[in-house]
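Enquirer: Input file: entry-v5.txt. Contents: compact mmCIF, C-alpha atoms.
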```txt
# COMPACT_ATOMS: atom_id res chain seq x y z
CA MET A 241 -44.29 52.49 4.32
CA GLY A 242 -41.95 50.94 7.12
CA ARG A 243 -38.25 51.64 6.73
CA GLY A 244 -36.40 49.52 9.30
CA LEU A 245 -35.93 51.73 12.35
CA ALA A 246 -36.80 54.92 10.49
CA THR A 247 -40.17 56.40 11.36
CA GLY A 248 -41.40 57.16 7.84
CA GLY A 249 -42.70 55.22 4.94
CA PHE A 250 -42.62 55.36 0.43
CA PHE A 251 -44.57 54.83 1.01
CA GLY A 252 -42.70 56.05 1.74
CA ALA A 253 -42.56 54.77 2.61
CA ILE A 254 -43.51 56.68 -0.14
CA PHE A 255 -43.70 55.67 -0.09
CA ILE A 256 -42.51 55.71 -0.65
CA PHE A 257 -42.14 53.57 -0.95
CA ILE A 258 -44.86 54.28 -0.37
CA LEU A 259 -45.44 53.47 -3.35
CA LEU A 260 -47.69 52.03 -7.64
CA SER A 261 -47.01 53.45 -11.05
CA SER A 262 -49.47 51.32 -13.01
CA PHE A 263 -52.25 48.77 -12.75
CA SER A 264 -52.30 47.21 -16.21
CA PHE A 265 -53.44 43.62 -16.59
CA ASP A 266 -53.75 40.91 -19.23
CA SER A 267 -57.04 39.42 -20.37
CA SER A 268 -57.37 36.89 -17.57
CA CYS A 269 -59.35 37.62 -14.42
CA ASN A 270 -57.68 35.09 -12.15
CA PHE A 271 -54.11 35.95 -11.28
CA GLY A 272 -51.76 33.77 -9.30
CA PRO A 273 -48.25 32.33 -9.43
CA SER A 274 -49.18 30.21 -12.47
CA ASN A 275 -50.94 33.07 -14.27
CA PRO A 276 -49.25 36.39 -13.51
CA PRO A 277 -50.49 39.78 -14.69
CA SER A 278 -48.79 41.13 -17.80
CA LEU A 279 -47.61 44.20 -15.93
CA ALA A 280 -47.23 44.04 -12.18
CA PRO A 281 -48.15 47.21 -10.27
CA VAL A 282 -45.20 49.04 -8.84
CA LYS A 283 -44.36 52.47 -7.51
CA ASP A 284 -43.01 55.02 -9.94
CA GLY A 285 -40.15 56.65 -8.11
CA LEU A 286 -37.73 55.90 -5.36
CA GLY A 287 -37.67 54.18 -2.00
CA VAL A 288 -35.47 55.57 0.76
CA ALA A 289 -34.25 54.23 4.10
CA THR A 290 -31.80 55.23 6.83
CA THR A 291 -29.51 53.12 8.99
CA PRO A 292 -30.47 52.92 12.69
CA ASP A 293 -27.61 55.22 13.70
CA GLY A 294 -28.59 57.81 11.08
CA SER A 295 -25.15 57.78 9.44
CA THR A 296 -26.19 56.39 6.06
CA GLU A 297 -29.10 56.69 3.65
CA VAL A 298 -29.99 54.19 0.94
CA VAL A 299 -31.98 55.29 -2.11
CA VAL A 300 -33.51 53.11 -4.83
CA ASP A 301 -33.77 54.36 -8.42
CA SER A 302 -36.57 52.37 -10.00
CA GLN A 303 -35.52 53.14 -13.58
CA SER A 304 -31.73 52.70 -13.49
CA ARG A 305 -31.95 49.72 -11.11
CA LEU A 306 -29.28 51.26 -8.94
CA VAL A 307 -29.15 51.43 -5.16
CA SER A 308 -27.26 54.53 -4.03
CA VAL A 309 -25.56 54.63 -0.63
CA ILE A 310 -25.08 58.11 0.85
CA SER A 311 -23.14 59.04 3.99
CA HIS A 312 -22.58 62.51 5.42
CA GLN A 313 -24.17 64.10 2.33
CA ARG A 314 -21.84 62.29 -0.06
CA LEU A 315 -22.54 59.51 -2.53
CA VAL A 316 -20.22 56.69 -1.46
CA SER A 317 -21.34 53.82 -3.69
CA GLN A 318 -23.90 52.69 -6.25
CA ILE A 319 -24.93 49.04 -6.38
CA PRO A 320 -26.58 47.56 -9.50
CA LEU A 321 -29.43 45.22 -8.62
CA ARG A 322 -28.70 42.95 -11.59
CA VAL A 323 -32.25 41.60 -11.71
CA PRO A 324 -32.78 39.80 -15.05
CA GLY A 325 -35.57 40.82 -17.40
CA ASN A 326 -37.75 43.88 -17.11
CA SER A 327 -37.05 45.28 -13.67
CA ASP A 328 -38.64 47.97 -11.55
CA ALA A 329 -37.24 48.45 -8.05
CA THR A 330 -39.64 50.01 -5.60
CA ASP A 331 -39.10 49.99 -1.84
CA VAL A 332 -36.14 49.56 0.50
CA VAL A 333 -35.60 48.82 4.19
CA ILE A 334 -32.45 48.43 6.28
CA THR A 335 -32.15 45.77 8.97
CA PRO A 336 -31.63 46.86 12.61
CA SER A 337 -27.99 45.79 12.41
CA GLY A 338 -27.47 48.26 9.58
CA LYS A 339 -25.71 45.56 7.55
CA LEU A 340 -28.40 44.54 5.06
CA ALA A 341 -30.69 46.44 2.71
CA LEU A 342 -33.73 44.71 1.24
CA VAL A 343 -35.20 46.01 -2.02
CA THR A 344 -38.47 44.97 -3.67
CA ASP A 345 -38.41 44.52 -7.45
CA SER A 346 -41.52 43.56 -9.38
CA ARG A 347 -39.67 42.13 -12.41
CA ILE A 348 -42.30 43.46 -14.80
CA ARG A 349 -43.91 40.83 -17.07
CA SER A 350 -42.26 38.05 -15.11
CA ARG A 351 -43.97 35.29 -13.19
CA PHE A 352 -42.33 36.24 -9.89
CA GLY A 353 -41.06 39.45 -8.41
CA VAL A 354 -38.10 39.37 -6.07
CA VAL A 355 -36.65 40.85 -2.92
CA VAL A 356 -32.99 41.70 -3.47
CA VAL A 357 -30.77 41.39 -0.39
CA ILE A 358 -27.75 43.73 -0.39
CA ASP A 359 -24.81 43.43 1.99
CA LEU A 360 -24.01 47.03 2.91
CA THR A 361 -20.64 46.03 4.35
CA THR A 362 -19.44 44.90 0.92
CA ASP A 363 -21.85 46.80 -1.37
CA ARG A 364 -22.77 43.58 -3.12
CA VAL A 365 -26.01 41.73 -3.82
CA ASP A 366 -26.13 38.80 -1.40
CA THR A 367 -29.15 36.94 -2.75
CA THR A 368 -32.53 37.36 -4.41
CA ILE A 369 -35.77 35.90 -3.03
CA PRO A 370 -38.75 35.15 -5.37
CA VAL A 371 -41.86 36.80 -3.92
CA GLY A 372 -45.30 36.83 -5.55
CA SER A 373 -46.18 38.52 -8.82
CA GLY A 374 -45.94 42.16 -7.79
CA PRO A 375 -44.00 42.87 -4.60
CA SER A 376 -44.14 46.60 -3.92
CA ALA A 377 -43.59 47.48 -0.24
CA ILE A 378 -41.60 45.93 2.57
CA ALA A 379 -41.51 46.22 6.36
CA LEU A 380 -39.42 44.53 9.05
CA SER A 381 -40.17 43.04 12.41
CA PRO A 382 -38.53 45.10 15.19
CA ASP A 383 -35.88 42.44 15.83
CA GLY A 384 -35.06 42.14 12.14
CA SER A 385 -35.84 38.44 11.99
CA ARG A 386 -38.67 38.72 9.49
CA ALA A 387 -39.59 40.82 6.48
CA TYR A 388 -43.15 41.40 5.32
CA VAL A 389 -43.71 42.09 1.61
CA SER A 390 -46.99 43.28 0.09
CA ASP A 391 -47.91 41.59 -3.18
CA THR A 392 -50.16 43.86 -5.25
CA GLY A 393 -50.22 41.60 -8.30
CA TYR A 394 -53.72 40.24 -7.87
CA ILE A 395 -57.20 41.41 -8.86
CA ASN A 396 -58.86 39.57 -5.98
CA ASN A 397 -57.67 39.55 -2.38
CA GLY A 398 -53.93 40.00 -2.14
CA ASN A 399 -51.40 38.72 0.30
CA VAL A 400 -48.34 39.66 2.31
CA ALA A 401 -45.36 37.33 2.07
CA ILE A 402 -43.38 36.51 5.22
CA ILE A 403 -39.61 36.09 4.77
CA ASP A 404 -37.34 34.48 7.37
CA LEU A 405 -34.18 36.61 7.25
CA ALA A 406 -32.07 33.86 8.79
CA THR A 407 -32.67 31.59 5.78
CA PHE A 408 -33.87 34.15 3.19
CA GLN A 409 -36.87 31.93 2.50
CA VAL A 410 -40.57 32.75 2.21
CA VAL A 411 -42.14 30.92 5.15
CA GLY A 412 -45.77 31.94 4.80
CA TYR A 413 -48.39 34.29 3.45
CA ILE A 414 -51.03 36.48 5.09
CA SER A 415 -54.30 36.91 3.21
CA VAL A 416 -55.37 40.57 3.16
CA GLY A 417 -57.58 42.90 1.08
CA GLN A 418 -57.44 43.97 -2.54
CA GLN A 419 -54.20 45.39 -3.91
CA PRO A 420 -52.17 45.65 -0.68
CA VAL A 421 -49.43 48.27 -0.83
CA GLY A 422 -48.13 50.23 2.21
CA LEU A 423 -47.01 48.30 5.30
CA ALA A 424 -45.90 48.98 8.87
CA VAL A 425 -45.17 46.78 11.89
CA SER A 426 -45.93 47.91 15.45
CA PRO A 427 -42.93 48.59 17.75
CA ASP A 428 -43.69 45.48 19.82
CA GLY A 429 -43.91 43.31 16.71
CA SER A 430 -47.45 42.13 17.44
CA THR A 431 -49.37 43.92 14.70
CA LEU A 432 -49.02 44.51 10.97
CA TYR A 433 -50.85 47.37 9.23
CA VAL A 434 -51.62 46.94 5.52
CA ALA A 435 -53.00 49.60 3.18
CA ASP A 436 -55.36 48.07 0.59
CA ALA A 437 -55.78 50.25 -2.50
CA THR A 438 -59.06 48.48 -3.48
CA LEU A 439 -59.17 50.05 -6.93
CA TYR A 440 -59.96 47.25 -9.36
CA LEU A 441 -63.11 45.32 -8.53
CA GLN A 442 -63.40 43.83 -12.03
CA LEU A 443 -60.81 43.60 -14.77
CA ASN A 444 -62.89 45.32 -17.45
CA GLN A 445 -63.66 48.35 -15.29
CA PRO A 446 -61.46 51.38 -14.58
CA PRO A 447 -60.45 52.30 -11.04
CA ASN A 448 -63.44 53.55 -9.10
CA SER A 449 -62.63 56.93 -7.58
CA ASP A 450 -65.62 56.73 -5.24
CA ILE A 451 -64.85 53.46 -3.48
CA PRO A 452 -62.81 53.87 -0.27
CA GLY A 453 -59.75 51.84 0.57
CA TYR A 454 -58.96 50.12 3.85
CA VAL A 455 -56.17 49.48 6.29
CA ASP A 456 -56.11 45.88 7.51
CA VAL A 457 -54.98 45.38 11.10
CA VAL A 458 -53.28 41.97 11.28
CA ASP A 459 -52.56 40.07 14.50
CA LEU A 460 -49.13 38.55 13.87
CA ALA A 461 -49.66 35.93 16.56
CA ASN A 462 -51.93 34.07 14.15
CA ASP A 463 -51.54 36.11 10.93
CA THR A 464 -55.22 37.02 10.73
CA ILE A 465 -57.05 40.30 10.17
CA VAL A 466 -58.71 41.53 13.36
CA LYS A 467 -60.05 44.79 11.95
CA SER A 468 -60.28 46.71 8.66
CA VAL A 469 -60.30 50.50 9.00
CA GLN A 470 -62.00 52.43 6.21
CA VAL A 471 -59.97 55.35 4.90
CA ASP A 472 -60.18 57.38 1.68
CA VAL A 473 -59.69 56.52 -2.00
CA ALA A 474 -56.58 54.62 -3.14
CA PRO A 475 -54.52 54.42 0.08
CA LEU A 476 -51.03 53.61 -1.17
CA ILE A 477 -48.64 54.91 1.47
CA LEU A 478 -48.68 54.08 5.18
CA ALA A 479 -46.59 55.24 8.14
CA LEU A 480 -46.67 54.39 11.85
CA SER A 481 -45.64 56.73 14.66
CA SER A 482 -42.60 55.61 16.65
CA ASP A 483 -44.72 54.84 19.72
CA GLY A 484 -47.16 52.79 17.64
CA THR A 485 -50.24 54.82 18.60
CA SER A 486 -51.02 56.48 15.24
CA VAL A 487 -51.19 55.38 11.62
CA ALA A 488 -51.07 57.91 8.78
CA VAL A 489 -52.25 56.86 5.33
CA GLY A 490 -51.65 58.66 2.05
CA ASN A 491 -54.79 58.46 -0.10
CA TYR A 492 -53.59 59.13 -3.62
CA GLY A 493 -57.02 58.81 -5.23
CA SER A 494 -58.64 61.50 -3.09
CA ASN A 495 -55.69 63.83 -2.41
CA SER A 496 -55.87 63.33 1.34
CA ILE A 497 -54.30 61.68 4.34
CA SER A 498 -56.21 59.65 6.91
CA VAL A 499 -54.86 59.34 10.46
CA PHE A 500 -56.22 56.94 13.06
CA ASN A 501 -55.49 55.91 16.62
CA THR A 502 -54.39 52.28 16.90
CA ARG A 503 -56.50 51.74 20.03
CA THR A 504 -59.75 53.52 19.19
CA PHE A 505 -59.46 53.38 15.38
CA GLN A 506 -61.07 56.80 15.13
CA VAL A 507 -60.17 58.29 11.75
CA VAL A 508 -59.39 61.91 10.88
CA THR A 509 -59.10 62.75 7.17
CA LEU A 510 -57.42 65.89 5.89
CA LYS A 511 -57.21 67.20 2.32
CA ILE A 512 -53.62 67.62 1.22
CA GLU A 513 -51.58 68.72 -1.80
CA PRO A 514 -52.51 66.53 -4.80
CA GLY A 515 -50.47 63.46 -5.63
CA VAL A 516 -49.67 62.03 -2.18
CA PHE A 517 -46.50 60.02 -2.69
CA GLY A 518 -44.81 59.69 0.69
CA VAL A 519 -45.82 59.91 4.37
CA ALA A 520 -43.64 59.95 7.51
CA PHE A 521 -43.97 60.91 11.18
CA SER A 522 -41.48 63.07 13.03
CA PRO A 523 -39.61 61.05 15.70
CA HIS A 524 -41.88 62.21 18.55
CA GLY A 525 -45.05 62.03 16.47
CA SER A 526 -45.88 65.74 16.67
CA SER A 527 -45.80 66.21 12.90
CA ILE A 528 -46.63 64.27 9.76
CA TYR A 529 -44.63 64.97 6.61
CA VAL A 530 -46.36 64.38 3.27
CA THR A 531 -44.73 64.58 -0.16
CA ALA A 532 -46.62 65.30 -3.37
CA GLY A 533 -44.80 64.86 -6.66
CA ASP A 534 -45.46 64.98 -10.39
CA SER A 535 -45.12 61.28 -11.16
CA PRO A 536 -48.44 59.59 -11.99
CA LEU A 537 -49.02 56.64 -9.69
CA LEU A 538 -52.00 54.93 -11.19
CA ASP A 539 -53.00 53.94 -14.69
CA SER A 540 -56.47 52.62 -15.31
CA ALA A 541 -57.51 49.28 -16.70
CA PRO A 542 -57.03 48.76 -20.46
CA GLY A 543 -59.15 51.07 -22.58
CA SER A 544 -60.08 53.52 -19.84
CA GLU A 545 -58.73 56.87 -18.74
CA PRO A 546 -56.07 57.08 -15.99
CA ILE A 547 -56.48 58.88 -12.72
CA ILE A 548 -54.50 62.08 -13.26
CA HIS A 549 -53.40 64.57 -10.63
CA SER A 550 -52.08 68.08 -10.90
CA THR A 551 -49.28 68.31 -8.36
CA SER A 552 -47.02 71.00 -6.99
CA ASN A 553 -43.82 69.26 -5.79
CA VAL A 554 -44.07 70.15 -2.13
CA MET A 555 -43.67 68.61 1.31
CA THR A 556 -46.63 69.44 3.55
CA ILE A 557 -46.25 69.45 7.34
CA VAL A 558 -49.30 68.55 9.44
CA ASN A 559 -49.51 69.17 13.20
CA THR A 560 -50.88 66.02 14.88
CA HIS A 561 -52.33 67.96 17.82
CA ASP A 562 -55.06 69.59 15.73
CA TYR A 563 -54.43 68.11 12.26
CA GLN A 564 -53.80 71.48 10.71
CA ILE A 565 -51.29 72.20 7.96
CA THR A 566 -48.47 74.29 9.43
CA HIS A 567 -45.97 74.56 6.56
CA SER A 568 -45.43 73.72 2.91
CA VAL A 569 -41.86 73.28 1.68
CA ASN A 570 -41.25 73.69 -2.04
CA LEU A 571 -39.18 70.87 -3.48
CA GLU A 572 -38.16 69.86 -6.97
CA SER A 573 -37.75 66.83 -9.19
CA ASP A 574 -40.81 64.81 -8.13
CA PRO A 575 -40.49 64.17 -4.37
CA THR A 576 -41.45 60.58 -3.67
CA GLY A 577 -40.40 58.40 -0.71
CA ILE A 578 -39.74 60.06 2.65
CA VAL A 579 -38.25 58.99 5.99
CA THR A 580 -36.98 60.62 9.17
CA ASP A 581 -34.10 59.48 11.34
CA ARG A 582 -33.91 59.52 15.14
CA SER A 583 -32.44 63.03 15.17
CA GLY A 584 -35.43 64.33 13.21
CA ARG A 585 -33.68 64.93 9.91
CA ILE A 586 -35.96 64.42 6.93
CA TYR A 587 -34.91 62.63 3.75
CA VAL A 588 -36.94 62.79 0.55
CA ALA A 589 -36.17 60.69 -2.52
CA GLU A 590 -36.58 62.20 -5.97
CA GLY A 591 -38.56 60.62 -8.77
CA THR A 592 -37.00 62.24 -11.80
CA PHE A 593 -33.32 62.02 -10.87
CA PRO A 594 -31.61 59.38 -8.69
CA GLY A 595 -31.03 61.67 -5.77
CA LEU A 596 -31.96 62.66 -2.26
CA ILE A 597 -33.02 65.82 -0.46
CA GLU A 598 -32.14 66.38 3.20
CA ILE A 599 -34.41 68.78 5.09
CA SER A 600 -33.61 70.37 8.43
CA PRO A 601 -36.61 69.95 10.78
CA SER A 602 -35.81 73.22 12.57
CA THR A 603 -35.08 75.56 9.64
CA LEU A 604 -36.71 73.59 6.80
CA LYS A 605 -33.66 74.30 4.65
CA THR A 606 -33.15 71.75 1.89
CA THR A 607 -29.88 70.19 0.76
CA GLN A 608 -29.51 68.31 -2.50
CA ILE A 609 -27.37 65.25 -1.85
CA GLY A 610 -25.16 63.00 -3.88
CA ILE A 611 -26.39 63.53 -7.42
CA PRO A 612 -23.35 63.48 -9.72
CA ALA A 613 -25.22 65.13 -12.61
CA LEU A 614 -26.09 68.10 -10.41
CA GLY A 615 -22.71 68.56 -8.77
CA PRO A 616 -21.90 68.79 -5.04
CA PRO A 617 -24.55 69.35 -2.35
CA ARG A 618 -26.16 72.73 -2.49
CA VAL A 619 -28.20 74.48 0.20
CA LYS A 620 -31.25 76.64 -0.35
CA GLY A 621 -32.59 79.05 2.25
```
Would you write out, as C-alpha cells, the structure that this file holds?
Expert:
Amino acid sequence: MGRGLATGGFFGAIFIFILLSSFSFDSSCNFGPSNPPSLAPVKDGLGVATTPDGSTEVVVDSQSRLVSVISHQRLVSQIPLRVPGNSDATDVVITPSGKLALVTDSRIRSRFGVVVVIDLTTDRVDTTIPVGSGPSAIALSPDGSRAYVSDTGYINNGNVAIIDLATFQVVGYISVGQQPVGLAVSPDGSTLYVADATLYLQLNQPPNSDIPGYVDVVDLANDTIVKSVQVDVAPLILALSSDGTSVAVGNYGSNSISVFNTRTFQVVTLKIEPGVFGVAFSPHGSSIYVTAGDSPLLDSAPGSEPIIHSTSNVMTIVNTHDYQITHSVNLESDPTGIVTDRSGRIYVAEGTFPGLIEISPSTLKTTQIGIPALGPPRVKG
C-alpha cells in the first residue's frame, strides 16, 4: 500500500497497510451509504509510514486507536484518534511536506468510516473526513494535493474516494472492482493501481479460494479503468517501485506475491511464506520485502469456515532480477505493515504490540523501537 514518499505499502502498505481482518456482513445483499454492512472489513494490525526526510516514523495501532510517532528510535508522542463508536484504524500516509498524517478508520458498525487528519507539528487531530462504509487503504498523489481511499465495504463493485487535501472534502469516487484494498499512485501522478480482493461473489457463500483477484489500472486523467491485471487469490497488499515500472501484490489467499511490469503487464507469481501481510520495494527496486505474520486477515461469510494460514513471522527478501528468494529474516510479534525510506532502512509494524522494528538493509539486524512495555531499543544480531 502507498505510504506518502516511502516506497512500501500495509499493505503495507501492509499493508500494510496493506491491509483486512474480517469480511462479515449483515443479511442484506445491497450495501451502500444508506445500508452499511454490519462489520466493515479492515486490516488486523498496524499501518506504518515515514516522513520524506526519513527522520520520523508513524505507526497506527488498530486496537488501542493510538498513533505513535517515533524519531531516532525513540517514541516521542502518542496521539489518540478519538473516533467515536467502534473504531478500527488501519492505514497511514504522511504528506510530502511531512506535516500531516492521514489515517483510515472503518468505524466498525457505523454508517461511515473516516479518514483522520493529524497535524504532526502539534500532535493533534486536525479533522475527520467521512469516507464510505469501510475505508481501509490510502495513497497520495505525488504533490500531496489529493488522497485516494479504498472503500472495501461493498459486496458488489467497490470504489475509491478522492479527497481534496486543501479543503479536506471528498470530491469524487472512482468505480473499481470487488473489495478494493491496496493502492498506489504512479510517480508522475497519472495512474492509480488498485488491488481488488474479489472474495465474496454472493453474500451467502464463503470466500472462494480458487477465484483470482485483480489489479485495476486507473487513468487519473478521467478516473476510469484502462486495464485489469489478473493476479492470484485475495490480493490485499500492493506496492509500487520508486520508478513506477513494477507493481508487487501480496496475495493472502494463495500465499504468494505477483509482480508485473507497468508497461507490458506481464505477471510473475512466486510462492512466499504463508500469511502475506506487507509488501515493499527497496529504494532502487532491486529487492521486494514481504512480511508474513500470525494475525488472520480474512473471516468467511456467516456460517462458513474462515481462511486460515499457518505463518512463521518472517520477512522474506525477493531479488527482482530473477524473482528468487535470497533471505528470510525471523521477526516476532506478528509483522504487518512495512515501508522503506530513501536510505533503504526497513520499518515493520507489529500486530500484537504497538511497536516498530527497524531492519538494516546491509546487515539485516533488527532493532525493536519505542515500545514502552518492552523497554528501550534492543538489537539482535
Enquirer: Which residues, written as a list of chain:residue names, have at least one atom at most 10 Å from Ala461 of chain A, with all atoms listed in the file counted and residues fewer than 6 positions away on the same chain left out?
Expert: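 Near Ala461 of chain A, the qualifying residues are A:Gly429, A:Ser430, A:Thr431.
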Enquirer: For segment 462-474 of chain A, work out the shell of residues within 6 Å, counting all atoms listed in the file and skipping chain neighbours fewer than 6 positions away, then give it as a PDB file with C-alpha atoms, in the coordinates of the input.
Expert:
```pdb
ATOM      1  CA  ILE A 414     -51.030  36.480   5.090  1.00  0.00           C
ATOM      2  CA  ALA A 437     -55.780  50.250  -2.500  1.00  0.00           C
ATOM      3  CA  PRO A 452     -62.810  53.870  -0.270  1.00  0.00           C
ATOM      4  CA  GLY A 453     -59.750  51.840   0.570  1.00  0.00           C
ATOM      5  CA  TYR A 454     -58.960  50.120   3.850  1.00  0.00           C
ATOM      6  CA  VAL A 455     -56.170  49.480   6.290  1.00  0.00           C
ATOM      7  CA  ASP A 456     -56.110  45.880   7.510  1.00  0.00           C
ATOM      8  CA  ASN A 491     -54.790  58.460  -0.100  1.00  0.00           C
ATOM      9  CA  TYR A 492     -53.590  59.130  -3.620  1.00  0.00           C
ATOM     10  CA  GLY A 493     -57.020  58.810  -5.230  1.00  0.00           C
ATOM     11  CA  SER A 494     -58.640  61.500  -3.090  1.00  0.00           C
TER      12      SER A 494
END
```
Enquirer: Using all atoms listed in the file and a cutoff of 12 Å, can you tell me which residues are near (-48.9, 67.5, -1.2) in the file's coordinates, and write them out as a VMD selection string?
Expert: chain A and resid 490 to 492 494 to 497 510 to 519 528 to 534 549 to 558 565 567 to 571 574 to 576
Enquirer: Please compute the atom CA of Val355 of chain A-atom CA of Leu342 of chain A distance, one decimal, in Å.
Expert: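 According to the coordinates, atom CA of Val355 of chain A and atom CA of Leu342 of chain A are separated by 6.4 Å.
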Enquirer: Hey, which of A:Ser346, A:Ile310, A:Ser337, A:Ala406 ends up closest to Pro324 of chain A? Count only C-alpha atoms.
Expert: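 Result for the nearest residue to Pro324 of chain A: A:Ser346.
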Enquirer: From the options A:Ser415, A:Gln409, A:Thr368, A:Thr361, which residue's atoms come nearest to Asp459 of chain A, counting all atoms listed in the file?
Expert: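 Nearest candidate to Asp459 of chain A out of A:Ser415, A:Gln409, A:Thr368, A:Thr361: A:Ser415.
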Enquirer: When you draw a straight line from atom CA of Gln564 of chain A to atom CA of Gly422 of chain A, how long is it in Å?
Expert: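 Computed distance, atom CA of Gln564 of chain A to atom CA of Gly422 of chain A, equals 23.6 Å.
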Enquirer: Just the number, please: distance in Å from atom CA of Pro601 of chain A to atom CA of Ser527 of chain A, one decimal.
Expert: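 One can read the atom CA of Pro601 of chain A to atom CA of Ser527 of chain A distance as 10.1 Å.
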Enquirer: Give the centre and edge lengths of an axis-aligned box, in Å to one decimal, that holds all listed atoms of segment 332-335 of chain A with 4 Å on each side, as AutoDock Vina command-line options.
Expert:
```
--center_x -34.1 --center_y 47.7 --center_z 4.7 --size_x 12.0 --size_y 11.8 --size_z 16.5
```
Enquirer: Just want the 9 Å neighbourhood of Ser385 of chain A, counted on all atoms listed in the file, with same-chain residues fewer than 6 positions away dropped. Output as a PyMOL selection string.
Expert: chain A and resi 335+403-406
Enquirer: Take the residues just selected and output them with C-alpha atoms as an mmCIF file, in the frame of the given file.
Expert:
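selection16.cif written:
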```
data_model
loop_
_atom_site.group_PDB
_atom_site.id
_atom_site.type_symbol
_atom_site.label_atom_id
_atom_site.label_comp_id
_atom_site.auth_asym_id
_atom_site.auth_seq_id
_atom_site.Cartn_x
_atom_site.Cartn_y
_atom_site.Cartn_z
ATOM 1 C CA THR A 335 -32.150 45.770 8.970
ATOM 2 C CA ILE A 403 -39.610 36.090 4.770
ATOM 3 C CA ASP A 404 -37.340 34.480 7.370
ATOM 4 C CA LEU A 405 -34.180 36.610 7.250
ATOM 5 C CA ALA A 406 -32.070 33.860 8.790
#
```
Enquirer: Skip Thr290 of chain A itself and residues of its chain fewer than 2 positions away, then list as a ChimeraX atom specification all residues within 12 Å of it, counting only C-alpha atoms.
Expert: /A:242-249,253,287-288,292-300,308-312,332-341,360,577-589,596,598
Enquirer: Neighbourhood query: residues within 7 Å of (-42.1, 46.7, 15.1), file coordinates, counting all atoms listed in the file; return as a ChimeraX atom specification.
Expert: /A:380-382,425-429
Enquirer: Pick out the closest residue to Val416 of chain A from this set: A:Thr392, A:Leu604, A:Ser486, A:Gln313. Count all atoms listed in the file.
Expert: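 With all atoms listed in the file as the atom set, the closest residue is A:Thr392.
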Enquirer: If you count only C-alpha atoms, which residues fall within 6 Å of Asp366 of chain A, apart from same-chain ones fewer than 3 positions away, as a list of chain:residue names?
Expert: A:Val357, A:Ile358, A:Asp359
